[in-house]
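Following: one structure in structure tokens, then a few remarks.
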Amino acid sequence: MKYSFIIPALNEEKIIGRTIKSIKRQKGFFEIIVVDNGSTDKTGKVAKDLGCRVVKERQKGISPARNKGAKIAKGEYVCFIDADGKLSENWLESIDNILKKKKVDVIVGANVIEYENIFKKIWFNGYHFISYLAVYFLKLFFNKIYFEGNNMAIRKDFLFKIGGFETVIVEGYWLSKKFRVAGGTSVFDPKIRIHYSSRGFDKAGYVKTIVYWTIAAIKKKKAINYSYKNKK
């Protein structure tokens, strides 16, 4: 088996079905692992009914949940997506096509925030547009890459070679720093998209969230029960 999808989940029974179905529509051979991080609703049952492998992780936090799923994964590459994500139709096919041409340690894509109001959709995605533009130029001119932890396919053995995800804020950013130090090879393709809900920005506030992430990227901050996007 080449690919394992890892979905960390905490009380996501209302939305995780959409995420799982978007994975099951992908072309290829893979497994789906849902890591239940202490849910008190029917998240685990929904996932099992849709044919997923469900495991539990007692330590709260998105990083411990991702690491747990990756450790038991059978795939050569582990693919990370959050429980409110929806894969683009050709997500896995695009990943596979890249790996057929050359073997790389990580492939990362771009996230798109969903919102019915077109003005808010543009506003919410402004941060991502600027971030991915910076990532593109850093990769093009300096061969450096930064990535988010919820839209990537990474070689399992390399993930644990660099110690996996740390329990910190903006955990993907800090993983990418370890990745570069270890000399990992990478591809960034903005066409590899995952559509996410806007619930985190809606609940905590867009500007406040961006400032929070920025500070955490400048000075590493230990996550205290920092796990998933705020629920509506």
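Scheme for the structure tokens: letters A, B, ... for chains in order shown; per-chain residue numbers from 1; ligand numbers from 1 in order shown.
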
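Every protein, DNA or RNA residue with an atom at most 9 Å from Asp96 of chain A, where only C-alpha atoms count and chain neighbours fewer than 5 positions away do not, is listed here: A:Gly28, A:Trp91, A:Lys101.
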
Write the residues of the selection above to a file with N, CA and C atoms, as a CSV table (one decimal), in the first residue's frame.
```
chain,number,residue,atom,x,y,z
A,28,GLY,N,-7.0,5.4,-6.9
A,28,GLY,CA,-5.8,4.8,-6.3
A,28,GLY,C,-6.2,3.8,-5.2
A,91,TRP,N,-6.9,15.1,-6.3
A,91,TRP,CA,-5.8,15.3,-5.3
A,91,TRP,C,-4.8,14.2,-5.4
A,101,LYS,N,7.2,10.6,-11.6
A,101,LYS,CA,8.3,11.2,-12.3
A,101,LYS,C,9.6,11.3,-11.4
```

> Got a sec: who's within 12 Å of Gly183 of chain A, counting only C-alpha atoms, leaving out chain neighbours fewer than 4 positions off, as a PyMOL selection string?
Replying inline: chain A and resi 104-106+143-145+158+161-162+176-179

Contacts of Ile23 of chain A at 8 Å or less, counting only C-alpha atoms, minus same-chain residues fewer than 3 places along, as a PDB file with C-alpha atoms, in the first residue's frame?
```
ATOM      1  CA  THR A  19     -14.266  14.575   4.293  1.00  0.00           C
ATOM      2  CA  ILE A  20     -14.154  10.787   4.141  1.00  0.00           C
ATOM      3  CA  GLN A  26      -9.923   9.525  -5.199  1.00  0.00           C
ATOM      4  CA  LYS A  86     -12.739  18.327   1.198  1.00  0.00           C
ATOM      5  CA  LEU A  87     -10.168  17.053  -1.283  1.00  0.00           C
TER       6      LEU A  87
END
```

Write out as a PDB file with C-alpha atoms, in the first residue's frame which residues come within 12 Å of Ile72 of chain A when counting only C-alpha atoms, dropping same-chain ones fewer than 3 positions away.
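Output (result-v2.pdb):
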```
ATOM      1  CA  SER A   4      -2.475   6.265   4.088  1.00  0.00           C
ATOM      2  CA  PHE A   5      -4.822   9.154   4.819  1.00  0.00           C
ATOM      3  CA  ILE A   6      -4.741  10.413   8.408  1.00  0.00           C
ATOM      4  CA  GLU A  31      -6.378   3.323   3.543  1.00  0.00           C
ATOM      5  CA  ILE A  32      -8.145   5.908   5.680  1.00  0.00           C
ATOM      6  CA  ILE A  33      -7.275   6.202   9.367  1.00  0.00           C
ATOM      7  CA  VAL A  34      -9.398   8.368  11.664  1.00  0.00           C
ATOM      8  CA  VAL A  35      -7.724   9.196  14.966  1.00  0.00           C
ATOM      9  CA  ARG A  53      -9.915   2.335  10.434  1.00  0.00           C
ATOM     10  CA  VAL A  54     -10.564   4.135  13.732  1.00  0.00           C
ATOM     11  CA  VAL A  55      -8.006   4.407  16.532  1.00  0.00           C
ATOM     12  CA  LYS A  56      -7.975   6.453  19.723  1.00  0.00           C
ATOM     13  CA  GLU A  57      -5.370   8.884  21.005  1.00  0.00           C
ATOM     14  CA  ALA A  65      -3.265  12.565  16.845  1.00  0.00           C
ATOM     15  CA  ARG A  66      -1.417  12.918  13.536  1.00  0.00           C
ATOM     16  CA  ASN A  67       1.641  11.130  14.890  1.00  0.00           C
ATOM     17  CA  LYS A  68      -0.507   8.274  16.213  1.00  0.00           C
ATOM     18  CA  GLY A  69      -2.174   7.783  12.851  1.00  0.00           C
ATOM     19  CA  GLY A  75       1.370   3.300   3.456  1.00  0.00           C
ATOM     20  CA  GLU A  76       4.777   4.455   2.276  1.00  0.00           C
ATOM     21  CA  VAL A  78       1.047   9.433   4.868  1.00  0.00           C
ATOM     22  CA  LYS A 156       6.438   7.975   6.514  1.00  0.00           C
ATOM     23  CA  ASP A 157      10.011   7.011   7.305  1.00  0.00           C
TER      24      ASP A 157
END
```

>> Please identify the helix (DSSP H, G or I) residues within segment 20-144 of chain A (assignment by DSSP from backbone atoms) and present them as a VMD selection string.
In response: chain A and resid 20 to 24 43 to 49 62 to 72 91 to 101 118 to 142
